[in-house]
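*Asks:* Have a look at this one before I ask anything.
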Amino acid sequence: MGVKELVKELWAEKKNRKKLKQLKTIDLKIIMDCEGCERKVRKALEDIKDVSSFELNPKQKKVSVTGYIEQGKLIKRLAHKTGKKVEPWPYVPYEVVPHPYAPGAYDKKAPPGYVKNVLDDPDAAPLARANSLEEKYSSAFSDENPNACVIM
């Protein structure tokens with residue numbers, strides 16, 4: 001086996017390793033105030049080779065990226081290329097969370113129909129993940145309960 005064949009084999013192995021990575025959709029939060037900011041983010045995403053497609057939503061300050069790239073790498077590259085603060089998208093649809101209006105889950109800054117993702121962070125909102133016993137106690141003092149305890 002010559003050097004040429006060895007190099008070809010290593011090159012083919014490297015390509016196969018890249019193809020074996022999983023295609024992911026990553027949602028990020030980037031503040032895009034104007035068309036120039038939006039253009040800068042669009043150009044930065046087009047320059048990243050592992051990104052297959054992306055969707056910008058400037059009103060929600062959201063970017064959905066699909067590609068063969070890890071979230072940490074993507075955040076670092078975008079932050080470096082755009083000079084903007086890039087964070088993972090912190091919101092989920094309110095149907096996903098068992099108690100979307102619990103104090104830790106509800107966020108006034110969230111887009112309509114979204115709440116904070118409290119399922120991933122156990123310290124964020126203990127009431128949003130309440131078990132049946134906690135739910136009984138919290139509903140006993142709820143305004144929606146007609147038989148609630150009223151202290152005047």
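In the structure tokens, chains take letters A, B, ... by order of appearance, with residues numbered from 1 within each chain and ligands from 1 in the order shown.
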Do a neighbour search on Val115 in chain A at 6 Å with only C-alpha atoms, toss out local chain neighbours closer than 6 positions, and write the hits as a PyMOL selection string.
*Replies:* chain A and resi 91-92+94+105-106
*Asks:* What lies within 9 Å of Ile31 in chain A using only C-alpha atoms, ignoring chain neighbours under 5 positions off, as number ranges by chain?
*Replies:* A: 37-38, 58, 60-62, 84-86
*Asks:* Kindly save the residues from that selection, with N, CA, C and O atoms included, as a PDB file, in the first residue's frame.
*Replies:*
```pdb
ATOM      1  N   CYS A  37     -28.725  44.185  10.819  1.00  0.00           N
ATOM      2  CA  CYS A  37     -28.436  43.088  11.758  1.00  0.00           C
ATOM      3  C   CYS A  37     -28.904  41.757  11.169  1.00  0.00           C
ATOM      4  O   CYS A  37     -28.202  40.746  11.262  1.00  0.00           O
ATOM      5  N   GLU A  38     -30.080  41.784  10.575  1.00  0.00           N
ATOM      6  CA  GLU A  38     -30.625  40.569   9.966  1.00  0.00           C
ATOM      7  C   GLU A  38     -29.715  40.088   8.830  1.00  0.00           C
ATOM      8  O   GLU A  38     -29.435  38.897   8.700  1.00  0.00           O
ATOM      9  N   PRO A  58     -37.151  37.828  12.780  1.00  0.00           N
ATOM     10  CA  PRO A  58     -36.674  38.993  13.543  1.00  0.00           C
ATOM     11  C   PRO A  58     -37.658  39.513  14.585  1.00  0.00           C
ATOM     12  O   PRO A  58     -37.247  40.054  15.599  1.00  0.00           O
ATOM     13  N   GLN A  60     -39.614  37.754  16.587  1.00  0.00           N
ATOM     14  CA  GLN A  60     -39.463  36.943  17.793  1.00  0.00           C
ATOM     15  C   GLN A  60     -38.015  36.860  18.255  1.00  0.00           C
ATOM     16  O   GLN A  60     -37.738  36.278  19.290  1.00  0.00           O
ATOM     17  N   LYS A  61     -37.096  37.426  17.459  1.00  0.00           N
ATOM     18  CA  LYS A  61     -35.655  37.366  17.744  1.00  0.00           C
ATOM     19  C   LYS A  61     -35.198  35.906  17.786  1.00  0.00           C
ATOM     20  O   LYS A  61     -34.442  35.495  18.660  1.00  0.00           O
ATOM     21  N   LYS A  62     -35.674  35.138  16.802  1.00  0.00           N
ATOM     22  CA  LYS A  62     -35.429  33.701  16.779  1.00  0.00           C
ATOM     23  C   LYS A  62     -34.802  33.287  15.451  1.00  0.00           C
ATOM     24  O   LYS A  62     -35.188  33.787  14.401  1.00  0.00           O
ATOM     25  N   LYS A  84     -22.769  39.674  18.125  1.00  0.00           N
ATOM     26  CA  LYS A  84     -24.004  39.783  18.904  1.00  0.00           C
ATOM     27  C   LYS A  84     -24.068  38.698  19.956  1.00  0.00           C
ATOM     28  O   LYS A  84     -23.404  37.682  19.869  1.00  0.00           O
ATOM     29  N   LYS A  85     -24.912  38.918  20.957  1.00  0.00           N
ATOM     30  CA  LYS A  85     -25.122  37.921  22.004  1.00  0.00           C
ATOM     31  C   LYS A  85     -26.047  36.831  21.455  1.00  0.00           C
ATOM     32  O   LYS A  85     -27.142  37.124  20.978  1.00  0.00           O
ATOM     33  N   VAL A  86     -25.591  35.587  21.520  1.00  0.00           N
ATOM     34  CA  VAL A  86     -26.360  34.452  21.002  1.00  0.00           C
ATOM     35  C   VAL A  86     -26.646  33.500  22.159  1.00  0.00           C
ATOM     36  O   VAL A  86     -25.743  33.134  22.899  1.00  0.00           O
TER      37      VAL A  86
END
```
*Asks:* Could you tell me how far CA of Lys59 in chain A lies from CA of Lys108 in chain A, in Å and to one decimal?
*Replies:*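 Between these atoms lies a distance of 15.2 Å.
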*Asks:* Taking the DSSP assignment computed from this structure's backbone, write out as a PDB file with N, CA and C atoms, in the first residue's frame all residues of range 58-93 of chain A that belong to helix (DSSP H, G or I).
*Replies:*
```
ATOM      1  N   GLN A  71     -24.680  22.521  18.998  1.00  0.00           N
ATOM      2  CA  GLN A  71     -25.221  23.801  19.442  1.00  0.00           C
ATOM      3  C   GLN A  71     -24.123  24.724  19.973  1.00  0.00           C
ATOM      4  N   GLY A  72     -23.213  24.201  20.769  1.00  0.00           N
ATOM      5  CA  GLY A  72     -22.145  25.025  21.334  1.00  0.00           C
ATOM      6  C   GLY A  72     -21.259  25.648  20.269  1.00  0.00           C
ATOM      7  N   LYS A  73     -20.885  24.845  19.265  1.00  0.00           N
ATOM      8  CA  LYS A  73     -20.056  25.362  18.168  1.00  0.00           C
ATOM      9  C   LYS A  73     -20.780  26.451  17.396  1.00  0.00           C
ATOM     10  N   LEU A  74     -22.068  26.206  17.122  1.00  0.00           N
ATOM     11  CA  LEU A  74     -22.849  27.174  16.363  1.00  0.00           C
ATOM     12  C   LEU A  74     -22.967  28.495  17.113  1.00  0.00           C
ATOM     13  N   ILE A  75     -23.203  28.431  18.407  1.00  0.00           N
ATOM     14  CA  ILE A  75     -23.320  29.651  19.213  1.00  0.00           C
ATOM     15  C   ILE A  75     -22.011  30.429  19.196  1.00  0.00           C
ATOM     16  N   LYS A  76     -20.893  29.734  19.377  1.00  0.00           N
ATOM     17  CA  LYS A  76     -19.587  30.416  19.365  1.00  0.00           C
ATOM     18  C   LYS A  76     -19.297  31.061  18.014  1.00  0.00           C
ATOM     19  N   ARG A  77     -19.561  30.330  16.928  1.00  0.00           N
ATOM     20  CA  ARG A  77     -19.277  30.870  15.592  1.00  0.00           C
ATOM     21  C   ARG A  77     -20.139  32.078  15.280  1.00  0.00           C
ATOM     22  N   LEU A  78     -21.448  31.975  15.595  1.00  0.00           N
ATOM     23  CA  LEU A  78     -22.336  33.109  15.319  1.00  0.00           C
ATOM     24  C   LEU A  78     -21.976  34.330  16.159  1.00  0.00           C
ATOM     25  N   ALA A  79     -21.666  34.104  17.421  1.00  0.00           N
ATOM     26  CA  ALA A  79     -21.301  35.226  18.290  1.00  0.00           C
ATOM     27  C   ALA A  79     -20.020  35.895  17.782  1.00  0.00           C
ATOM     28  N   HIS A  80     -19.081  35.096  17.311  1.00  0.00           N
ATOM     29  CA  HIS A  80     -17.816  35.651  16.808  1.00  0.00           C
ATOM     30  C   HIS A  80     -18.033  36.405  15.494  1.00  0.00           C
ATOM     31  N   LYS A  81     -18.803  35.811  14.568  1.00  0.00           N
ATOM     32  CA  LYS A  81     -18.976  36.420  13.247  1.00  0.00           C
ATOM     33  C   LYS A  81     -19.885  37.635  13.259  1.00  0.00           C
ATOM     34  N   THR A  82     -20.907  37.650  14.131  1.00  0.00           N
ATOM     35  CA  THR A  82     -21.852  38.766  14.130  1.00  0.00           C
ATOM     36  C   THR A  82     -21.545  39.812  15.192  1.00  0.00           C
TER      37      THR A  82
END
```
*Asks:* Per DSSP on the backbone, what are the strand (DSSP E) residues of range 39-106 of chain A, as a ChimeraX atom specification?
*Replies:* /A:51-57,62-67,86-88,91-93
*Asks:* What's the 10 Å shell around Ile26 in chain A, counting only C-alpha atoms, without same-chain residues fewer than 2 positions away, as a ChimeraX atom specification?
*Replies:* /A:23-24,28,54,63-67,69-71,74-75,88-89
*Asks:* Suppose you want the space between CA of Val97 in chain A and CA of Gly113 in chain A; what is it in Å?
*Replies:*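 Separation of CA of Val97 in chain A and CA of Gly113 in chain A: 11.5 Å.
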